[in-house]
Amino acid sequence: MTKSPKGPDFRHKYLPARNEACDYTLVLLHGTGGAETDLLPLADRLFPEAAVISPRGNVSEHGMARFFRRIEPGVFDIEDLIKRTHELADFLLCAARNYKFNQNRLVAVGYSNGANIAASLMLLRPEILRAAVLYRPMVPLCPIKKPNLDGVNVLLCSGKQDEIVAPEEPTRLAEMLHESRATVSIFWSESGHGLATSDIEAAKDWVTAKLNSGML
Ligand code: MLT
């Protein structure tokens with residue numbers, strides 16, 4: 001574990017960019033019961049040149065790490081979600097200063113609970129993320145003020161057979177992000193809540209296309 005000085009603290013892992021010319025940093029956000037190492041292999045597949053900052057969620061649900069509290073599955077404690085979203089945003093800014101990575105080139109990769117806090121980050125702190133790959137997201141909250149997500153690119157990867165997330169959720173989230181001026185794509189995989197190879201390939205192709213077209 002490495003500690004970031006001052007500001008909100010998260011147990012986390014930081015890996016510098018393998019290619020010095022690359023100034024993107026992936027923000028890895030694990031699912032319920034996960035840890036900061038879970039998504040490292042995925043980061044390696046999606047964008048191996050980028051640096052990585054991977055925090056572990058600070059909330060414990062019966063010993064399972066999460067990024068915010070829930071009242072029951074799919075029903076979120078909104079007050080806690082808002083507080084934890086700002087803590088995560090401030091942690092990322094603090095980590096950028098500490099590790100000297102570019103805070104304007106953060107790309108989130110979140111799975112399930114991690115995708116939900118990434119979506120909440122975009123809705124409440126639109127300045128933080130440049131892009132996001134959201135695996136199995138839901139609508140985390142409805143912000144009072146519509147954010148301006150102009151220039152932000154988002155890929156939602158949802159499962160047609162997801163046993164936890166109803167299909168209306170990612171569709172509604174995509175609409176909310178689009179109405180806030182983000183550029184949004186949805187990939188529907190044939191699988192359930194767990195990830196399939198096609199989810200990884202779709203995101204890899206999306207990241208490559210965005211980089212090649214200069215949209216990232
Ligand atoms: C959540 O609580 O964020 C969602 O229900 C996904 C999950 O973690 O199961």
# chains A, B, ... in the order shown; residues from 1 in each chain; ligands from 1
>>> residues_around(residues="range 195-202 of chain A", least_positions_apart="2", cutoff="9 Å", atoms="only C-alpha atoms", output="PyMOL selection string")
chain A and resi 42+45-46+111+135-136+157-159+187-193+204-207
>>> write_last_selection(atoms="N, CA, C and O atoms", output="CSV table (one decimal), in the first residue's frame")
chain,number,residue,atom,x,y,z
A,42,LEU,N,-7.1,-6.3,-16.7
A,42,LEU,CA,-8.0,-5.6,-17.7
A,42,LEU,C,-7.3,-4.4,-18.2
A,42,LEU,O,-7.3,-4.1,-19.4
A,45,ARG,N,-4.9,-5.1,-20.8
A,45,ARG,CA,-5.5,-5.4,-22.1
A,45,ARG,C,-6.0,-4.2,-22.8
A,45,ARG,O,-5.9,-4.0,-24.0
A,46,LEU,N,-6.6,-3.3,-22.1
A,46,LEU,CA,-7.3,-2.1,-22.7
A,46,LEU,C,-6.3,-1.0,-23.1
A,46,LEU,O,-6.5,-0.4,-24.2
A,111,TYR,N,-16.1,-1.5,-12.9
A,111,TYR,CA,-16.9,-2.7,-13.0
A,111,TYR,C,-18.0,-2.6,-11.9
A,111,TYR,O,-17.6,-2.5,-10.7
A,135,TYR,N,-18.4,-0.9,-17.0
A,135,TYR,CA,-18.9,-2.3,-17.2
A,135,TYR,C,-20.1,-2.6,-16.2
A,135,TYR,O,-19.9,-2.5,-15.0
A,136,ARG,N,-21.2,-2.9,-16.8
A,136,ARG,CA,-22.5,-3.2,-16.0
A,136,ARG,C,-22.9,-2.1,-15.1
A,136,ARG,O,-23.2,-2.3,-13.9
A,157,CYS,N,-20.7,-1.0,-21.2
A,157,CYS,CA,-20.7,-2.4,-21.7
A,157,CYS,C,-21.7,-3.1,-20.8
A,157,CYS,O,-21.4,-3.3,-19.6
A,158,SER,N,-22.8,-3.5,-21.3
A,158,SER,CA,-23.9,-4.1,-20.5
A,158,SER,C,-24.2,-5.5,-21.0
A,158,SER,O,-24.0,-5.8,-22.1
A,159,GLY,N,-24.7,-6.3,-20.0
A,159,GLY,CA,-25.0,-7.7,-20.4
A,159,GLY,C,-26.5,-7.9,-20.7
A,159,GLY,O,-27.3,-7.5,-19.9
A,187,PHE,N,-22.3,-1.0,-25.7
A,187,PHE,CA,-22.0,-2.4,-26.2
A,187,PHE,C,-22.9,-3.3,-25.4
A,187,PHE,O,-22.8,-3.3,-24.2
A,188,TRP,N,-23.7,-4.1,-26.1
A,188,TRP,CA,-24.5,-5.2,-25.4
A,188,TRP,C,-23.8,-6.5,-25.6
A,188,TRP,O,-23.8,-7.0,-26.7
A,189,SER,N,-23.4,-7.1,-24.5
A,189,SER,CA,-22.8,-8.4,-24.7
A,189,SER,C,-23.8,-9.5,-24.4
A,189,SER,O,-24.8,-9.2,-23.8
A,190,GLU,N,-23.6,-10.7,-24.9
A,190,GLU,CA,-24.5,-11.8,-24.7
A,190,GLU,C,-24.5,-12.4,-23.3
A,190,GLU,O,-25.2,-13.3,-23.0
A,191,SER,N,-23.7,-11.8,-22.4
A,191,SER,CA,-23.5,-12.4,-21.1
A,191,SER,C,-24.3,-11.8,-20.0
A,191,SER,O,-25.2,-11.0,-20.3
A,192,GLY,N,-24.1,-12.2,-18.7
A,192,GLY,CA,-24.8,-11.7,-17.6
A,192,GLY,C,-24.0,-10.6,-16.9
A,192,GLY,O,-23.4,-9.8,-17.6
A,193,HIS,N,-24.0,-10.6,-15.5
A,193,HIS,CA,-23.3,-9.5,-14.8
A,193,HIS,C,-21.7,-9.7,-14.9
A,193,HIS,O,-21.0,-8.7,-14.9
A,204,LYS,N,-11.5,-2.6,-25.9
A,204,LYS,CA,-10.1,-2.4,-26.5
A,204,LYS,C,-10.3,-1.7,-27.8
A,204,LYS,O,-9.5,-0.7,-28.1
A,205,ASP,N,-11.2,-2.1,-28.6
A,205,ASP,CA,-11.4,-1.5,-30.0
A,205,ASP,C,-11.9,0.0,-29.8
A,205,ASP,O,-11.5,0.9,-30.5
A,206,TRP,N,-12.7,0.2,-28.8
A,206,TRP,CA,-13.2,1.6,-28.5
A,206,TRP,C,-12.1,2.5,-28.1
A,206,TRP,O,-11.9,3.6,-28.7
A,207,VAL,N,-11.2,2.1,-27.2
A,207,VAL,CA,-10.1,2.9,-26.7
A,207,VAL,C,-9.2,3.2,-27.9
A,207,VAL,O,-8.8,4.3,-28.2
>>> residues_around(residues="Ile144 in chain A", least_positions_apart="2", cutoff="12 Å", atoms="only C-alpha atoms", output="NGL selection string")
:A and (82 or 123-124 or 141-142 or 146-147)
>>> residues_around(residues="Gly57 in chain A", least_positions_apart="3", cutoff="7 Å", atoms="only C-alpha atoms", output="PyMOL selection string")
chain A and resi 65-67
>>> write_last_selection(atoms="N, CA and C atoms", output="PDB file, in the first residue's frame")
ATOM      1  N   ALA A  65     -15.357  -4.784   0.241  1.00  0.00           N
ATOM      2  CA  ALA A  65     -15.061  -3.376  -0.072  1.00  0.00           C
ATOM      3  C   ALA A  65     -16.009  -2.858  -1.154  1.00  0.00           C
ATOM      4  N   ARG A  66     -16.500  -1.630  -0.942  1.00  0.00           N
ATOM      5  CA  ARG A  66     -17.339  -0.936  -1.927  1.00  0.00           C
ATOM      6  C   ARG A  66     -16.950   0.539  -1.943  1.00  0.00           C
ATOM      7  N   PHE A  67     -17.461   1.256  -2.953  1.00  0.00           N
ATOM      8  CA  PHE A  67     -17.155   2.687  -3.048  1.00  0.00           C
ATOM      9  C   PHE A  67     -18.198   3.569  -2.371  1.00  0.00           C
TER      10      PHE A  67
END
>>> closest_atom_pairs(of="chain A", to="ligand 1", cutoff="8 Å", atoms="only C-alpha atoms and all ligand atoms", output="JSON lines")
{"residue": "A:Gly31", "atom": "CA", "partner": "ligand 1", "partner_atom_place_in_ligand_line": "8 (O)", "distance": 5.6}
{"residue": "A:Thr32", "atom": "CA", "partner": "ligand 1", "partner_atom_place_in_ligand_line": "8 (O)", "distance": 4.5}
{"residue": "A:Arg66", "atom": "CA", "partner": "ligand 1", "partner_atom_place_in_ligand_line": "8 (O)", "distance": 7.3}
{"residue": "A:Phe67", "atom": "CA", "partner": "ligand 1", "partner_atom_place_in_ligand_line": "3 (O)", "distance": 8.0}
{"residue": "A:Phe68", "atom": "CA", "partner": "ligand 1", "partner_atom_place_in_ligand_line": "3 (O)", "distance": 7.7}
{"residue": "A:Arg69", "atom": "CA", "partner": "ligand 1", "partner_atom_place_in_ligand_line": "2 (O)", "distance": 7.7}
{"residue": "A:Arg70", "atom": "CA", "partner": "ligand 1", "partner_atom_place_in_ligand_line": "2 (O)", "distance": 6.1}
{"residue": "A:Glu72", "atom": "CA", "partner": "ligand 1", "partner_atom_place_in_ligand_line": "2 (O)", "distance": 7.8}
{"residue": "A:Pro73", "atom": "CA", "partner": "ligand 1", "partner_atom_place_in_ligand_line": "5 (O)", "distance": 4.9}
{"residue": "A:Gly74", "atom": "CA", "partner": "ligand 1", "partner_atom_place_in_ligand_line": "5 (O)", "distance": 4.3}
{"residue": "A:Val75", "atom": "CA", "partner": "ligand 1", "partner_atom_place_in_ligand_line": "2 (O)", "distance": 7.3}
{"residue": "A:Phe76", "atom": "CA", "partner": "ligand 1", "partner_atom_place_in_ligand_line": "2 (O)", "distance": 6.9}
{"residue": "A:Ser112", "atom": "CA", "partner": "ligand 1", "partner_atom_place_in_ligand_line": "6 (C)", "distance": 4.6}
{"residue": "A:Asn113", "atom": "CA", "partner": "ligand 1", "partner_atom_place_in_ligand_line": "3 (O)", "distance": 3.3}
{"residue": "A:Gly114", "atom": "CA", "partner": "ligand 1", "partner_atom_place_in_ligand_line": "3 (O)", "distance": 6.9}
{"residue": "A:Ala115", "atom": "CA", "partner": "ligand 1", "partner_atom_place_in_ligand_line": "3 (O)", "distance": 7.6}
{"residue": "A:Asn116", "atom": "CA", "partner": "ligand 1", "partner_atom_place_in_ligand_line": "3 (O)", "distance": 5.6}
{"residue": "A:Ile117", "atom": "CA", "partner": "ligand 1", "partner_atom_place_in_ligand_line": "3 (O)", "distance": 7.5}
{"residue": "A:Arg136", "atom": "CA", "partner": "ligand 1", "partner_atom_place_in_ligand_line": "6 (C)", "distance": 7.9}
{"residue": "A:Pro137", "atom": "CA", "partner": "ligand 1", "partner_atom_place_in_ligand_line": "6 (C)", "distance": 7.5}
{"residue": "A:Met138", "atom": "CA", "partner": "ligand 1", "partner_atom_place_in_ligand_line": "4 (C)", "distance": 7.2}
{"residue": "A:Pro140", "atom": "CA", "partner": "ligand 1", "partner_atom_place_in_ligand_line": "3 (O)", "distance": 7.7}
{"residue": "A:Ile164", "atom": "CA", "partner": "ligand 1", "partner_atom_place_in_ligand_line": "5 (O)", "distance": 6.8}
{"residue": "A:Val165", "atom": "CA", "partner": "ligand 1", "partner_atom_place_in_ligand_line": "5 (O)", "distance": 7.4}
>>> write_last_selection(atoms="C-alpha atoms", output="tab-separated table (two decimals), in the first residue's frame")
chain	number	residue	atom	x	y	z
A	31	GLY	CA	-16.76	-4.19	-8.02
A	32	THR	CA	-18.29	-5.06	-4.61
A	66	ARG	CA	-17.34	-0.94	-1.93
A	67	PHE	CA	-17.15	2.69	-3.05
A	68	PHE	CA	-20.39	3.79	-1.32
A	69	ARG	CA	-23.08	2.40	0.95
A	70	ARG	CA	-26.27	0.78	-0.26
A	72	GLU	CA	-30.11	-3.06	-0.30
A	73	PRO	CA	-28.97	-4.38	-3.71
A	74	GLY	CA	-29.74	-1.70	-6.30
A	75	VAL	CA	-30.96	0.84	-3.69
A	76	PHE	CA	-28.24	3.33	-2.87
A	112	SER	CA	-20.38	-2.88	-11.33
A	113	ASN	CA	-20.11	-0.85	-8.08
A	114	GLY	CA	-16.95	0.73	-9.55
A	115	ALA	CA	-18.84	1.65	-12.74
A	116	ASN	CA	-21.57	3.21	-10.62
A	117	ILE	CA	-19.17	5.49	-8.71
A	136	ARG	CA	-22.45	-3.24	-16.02
A	137	PRO	CA	-23.45	0.26	-14.79
A	138	MET	CA	-26.75	1.49	-13.34
A	140	PRO	CA	-26.31	5.95	-9.58
A	164	ILE	CA	-28.48	-7.72	-11.29
A	165	VAL	CA	-28.91	-4.74	-13.64
>>> select_by_dssp(residues="range 2-114 of chain A", states="strand (DSSP E or B)", output="count of residues only")
31
>>> atom_distance(atom1="CA of Leu156 in chain A", atom2="CA of Leu29 in chain A")
14.4 Å
>>> atom_distance(atom1="CA of Asn58 in chain A", atom2="CA of Val27 in chain A")
15.5 Å
>>> residues_around(residues="Tyr24 in chain A", least_positions_apart="3", cutoff="9 Å", atoms="only C-alpha atoms", output="list in words")
Ala17, Glu49, Ala50, Ala51, Val52, Phe101, Asn102, Gln103, Asn104, Arg105, Leu106 and Val107 of chain A
>>> closest_residue(among="A:Asp150, A:Glu79, A:Glu179, A:Asp44", to="Leu129 in chain A", atoms="only C-alpha atoms")
A:Asp150
>>> residues_around(residues="Ala132 in chain A", least_positions_apart="5", cutoff="7 Å", atoms="only C-alpha atoms", output="tab-separated table (two decimals) with N, CA and C atoms, in the first residue's frame")
chain	number	residue	atom	x	y	z
A	107	VAL	N	-8.86	8.37	-17.39
A	107	VAL	CA	-9.83	7.49	-18.06
A	107	VAL	C	-10.25	6.42	-17.05
A	108	ALA	N	-11.52	6.44	-16.65
A	108	ALA	CA	-11.99	5.45	-15.67
A	108	ALA	C	-12.32	4.12	-16.35
A	109	VAL	N	-12.00	3.05	-15.65
A	109	VAL	CA	-12.47	1.73	-16.05
A	109	VAL	C	-13.11	1.15	-14.79
A	153	ASN	N	-15.88	11.16	-23.37
A	153	ASN	CA	-16.29	9.96	-24.12
A	153	ASN	C	-16.60	8.83	-23.16
A	154	VAL	N	-17.72	8.15	-23.39
A	154	VAL	CA	-18.12	7.07	-22.48
A	154	VAL	C	-18.54	5.84	-23.27
A	155	LEU	N	-18.05	4.69	-22.83
A	155	LEU	CA	-18.53	3.41	-23.36
A	155	LEU	C	-19.19	2.64	-22.22
>>> closest_residue(among="A:Ala43, A:Met215, A:Ala35, A:Ile186", to="Met64 in chain A", atoms="only C-alpha atoms")
A:Ala35
>>> closest_residue(among="A:Ile71, A:Ala203, A:Ala95, A:Leu121", to="Val133 in chain A", atoms="only C-alpha atoms")
A:Ala203
>>> select_by_dssp(residues="range 56-99 of chain A", states="helix (DSSP H, G or I)", output="list in words")
Ile78, Glu79, Asp80, Leu81, Ile82, Lys83, Arg84, Thr85, His86, Glu87, Leu88, Ala89, Asp90, Phe91, Leu92, Leu93, Cys94, Ala95, Ala96, Arg97, Asn98 and Tyr99 of chain A
>>> write_last_selection(atoms="N, CA, C and O atoms", output="PDB file, in the first residue's frame")
ATOM      1  N   ILE A  78     -27.958   7.652  -1.021  1.00  0.00           N
ATOM      2  CA  ILE A  78     -27.559   8.771  -1.893  1.00  0.00           C
ATOM      3  C   ILE A  78     -26.662   9.779  -1.162  1.00  0.00           C
ATOM      4  O   ILE A  78     -25.696  10.282  -1.736  1.00  0.00           O
ATOM      5  N   GLU A  79     -26.992  10.029   0.116  1.00  0.00           N
ATOM      6  CA  GLU A  79     -26.158  10.979   0.875  1.00  0.00           C
ATOM      7  C   GLU A  79     -24.713  10.466   0.942  1.00  0.00           C
ATOM      8  O   GLU A  79     -23.747  11.208   0.724  1.00  0.00           O
ATOM      9  N   ASP A  80     -24.569   9.181   1.216  1.00  0.00           N
ATOM     10  CA  ASP A  80     -23.228   8.586   1.286  1.00  0.00           C
ATOM     11  C   ASP A  80     -22.562   8.583  -0.094  1.00  0.00           C
ATOM     12  O   ASP A  80     -21.379   8.878  -0.221  1.00  0.00           O
ATOM     13  N   LEU A  81     -23.350   8.273  -1.116  1.00  0.00           N
ATOM     14  CA  LEU A  81     -22.802   8.245  -2.484  1.00  0.00           C
ATOM     15  C   LEU A  81     -22.232   9.619  -2.866  1.00  0.00           C
ATOM     16  O   LEU A  81     -21.131   9.711  -3.423  1.00  0.00           O
ATOM     17  N   ILE A  82     -22.972  10.675  -2.539  1.00  0.00           N
ATOM     18  CA  ILE A  82     -22.504  12.034  -2.872  1.00  0.00           C
ATOM     19  C   ILE A  82     -21.205  12.326  -2.126  1.00  0.00           C
ATOM     20  O   ILE A  82     -20.214  12.776  -2.718  1.00  0.00           O
ATOM     21  N   LYS A  83     -21.190  12.008  -0.842  1.00  0.00           N
ATOM     22  CA  LYS A  83     -19.981  12.265  -0.030  1.00  0.00           C
ATOM     23  C   LYS A  83     -18.781  11.470  -0.576  1.00  0.00           C
ATOM     24  O   LYS A  83     -17.700  12.014  -0.787  1.00  0.00           O
ATOM     25  N   ARG A  84     -18.996  10.194  -0.864  1.00  0.00           N
ATOM     26  CA  ARG A  84     -17.879   9.332  -1.330  1.00  0.00           C
ATOM     27  C   ARG A  84     -17.422   9.730  -2.738  1.00  0.00           C
ATOM     28  O   ARG A  84     -16.263   9.568  -3.086  1.00  0.00           O
ATOM     29  N   THR A  85     -18.335  10.238  -3.544  1.00  0.00           N
ATOM     30  CA  THR A  85     -17.951  10.668  -4.895  1.00  0.00           C
ATOM     31  C   THR A  85     -16.990  11.846  -4.806  1.00  0.00           C
ATOM     32  O   THR A  85     -15.960  11.875  -5.488  1.00  0.00           O
ATOM     33  N   HIS A  86     -17.305  12.804  -3.932  1.00  0.00           N
ATOM     34  CA  HIS A  86     -16.408  13.959  -3.771  1.00  0.00           C
ATOM     35  C   HIS A  86     -15.076  13.524  -3.161  1.00  0.00           C
ATOM     36  O   HIS A  86     -14.019  14.020  -3.556  1.00  0.00           O
ATOM     37  N   GLU A  87     -15.123  12.581  -2.233  1.00  0.00           N
ATOM     38  CA  GLU A  87     -13.859  12.083  -1.641  1.00  0.00           C
ATOM     39  C   GLU A  87     -12.978  11.451  -2.714  1.00  0.00           C
ATOM     40  O   GLU A  87     -11.771  11.663  -2.756  1.00  0.00           O
ATOM     41  N   LEU A  88     -13.608  10.664  -3.587  1.00  0.00           N
ATOM     42  CA  LEU A  88     -12.828  10.002  -4.647  1.00  0.00           C
ATOM     43  C   LEU A  88     -12.254  11.042  -5.609  1.00  0.00           C
ATOM     44  O   LEU A  88     -11.085  10.967  -5.997  1.00  0.00           O
ATOM     45  N   ALA A  89     -13.076  12.021  -5.985  1.00  0.00           N
ATOM     46  CA  ALA A  89     -12.598  13.081  -6.889  1.00  0.00           C
ATOM     47  C   ALA A  89     -11.404  13.811  -6.268  1.00  0.00           C
ATOM     48  O   ALA A  89     -10.377  14.024  -6.929  1.00  0.00           O
ATOM     49  N   ASP A  90     -11.513  14.147  -4.991  1.00  0.00           N
ATOM     50  CA  ASP A  90     -10.425  14.884  -4.326  1.00  0.00           C
ATOM     51  C   ASP A  90      -9.190  14.005  -4.176  1.00  0.00           C
ATOM     52  O   ASP A  90      -8.060  14.478  -4.296  1.00  0.00           O
ATOM     53  N   PHE A  91      -9.402  12.728  -3.931  1.00  0.00           N
ATOM     54  CA  PHE A  91      -8.262  11.797  -3.852  1.00  0.00           C
ATOM     55  C   PHE A  91      -7.519  11.754  -5.190  1.00  0.00           C
ATOM     56  O   PHE A  91      -6.280  11.773  -5.229  1.00  0.00           O
ATOM     57  N   LEU A  92      -8.265  11.715  -6.294  1.00  0.00           N
ATOM     58  CA  LEU A  92      -7.617  11.634  -7.618  1.00  0.00           C
ATOM     59  C   LEU A  92      -6.794  12.898  -7.898  1.00  0.00           C
ATOM     60  O   LEU A  92      -5.683  12.819  -8.416  1.00  0.00           O
ATOM     61  N   LEU A  93      -7.337  14.051  -7.524  1.00  0.00           N
ATOM     62  CA  LEU A  93      -6.582  15.300  -7.735  1.00  0.00           C
ATOM     63  C   LEU A  93      -5.319  15.314  -6.875  1.00  0.00           C
ATOM     64  O   LEU A  93      -4.239  15.714  -7.317  1.00  0.00           O
ATOM     65  N   CYS A  94      -5.450  14.816  -5.663  1.00  0.00           N
ATOM     66  CA  CYS A  94      -4.319  14.761  -4.731  1.00  0.00           C
ATOM     67  C   CYS A  94      -3.263  13.763  -5.241  1.00  0.00           C
ATOM     68  O   CYS A  94      -2.058  14.048  -5.225  1.00  0.00           O
ATOM     69  N   ALA A  95      -3.726  12.616  -5.727  1.00  0.00           N
ATOM     70  CA  ALA A  95      -2.798  11.597  -6.251  1.00  0.00           C
ATOM     71  C   ALA A  95      -2.081  12.125  -7.493  1.00  0.00           C
ATOM     72  O   ALA A  95      -0.899  11.849  -7.708  1.00  0.00           O
ATOM     73  N   ALA A  96      -2.786  12.908  -8.320  1.00  0.00           N
ATOM     74  CA  ALA A  96      -2.165  13.474  -9.531  1.00  0.00           C
ATOM     75  C   ALA A  96      -1.001  14.391  -9.136  1.00  0.00           C
ATOM     76  O   ALA A  96       0.061  14.364  -9.752  1.00  0.00           O
ATOM     77  N   ARG A  97      -1.216  15.178  -8.083  1.00  0.00           N
ATOM     78  CA  ARG A  97      -0.124  16.062  -7.618  1.00  0.00           C
ATOM     79  C   ARG A  97       1.017  15.236  -7.037  1.00  0.00           C
ATOM     80  O   ARG A  97       2.187  15.464  -7.343  1.00  0.00           O
ATOM     81  N   ASN A  98       0.654  14.237  -6.263  1.00  0.00           N
ATOM     82  CA  ASN A  98       1.651  13.415  -5.572  1.00  0.00           C
ATOM     83  C   ASN A  98       2.516  12.605  -6.536  1.00  0.00           C
ATOM     84  O   ASN A  98       3.735  12.593  -6.451  1.00  0.00           O
ATOM     85  N   TYR A  99       1.850  11.943  -7.494  1.00  0.00           N
ATOM     86  CA  TYR A  99       2.586  11.073  -8.430  1.00  0.00           C
ATOM     87  C   TYR A  99       2.955  11.794  -9.727  1.00  0.00           C
ATOM     88  O   TYR A  99       3.546  11.203 -10.616  1.00  0.00           O
TER      89      TYR A  99
END
>>> atom_distance(atom1="CA of Glu20 in chain A", atom2="CA of Val184 in chain A")
28.9 Å
>>> closest_residue(among="A:Asn212, A:Val139, A:Asp77, A:Phe10", to="Ala166 in chain A", atoms="only C-alpha atoms")
A:Val139
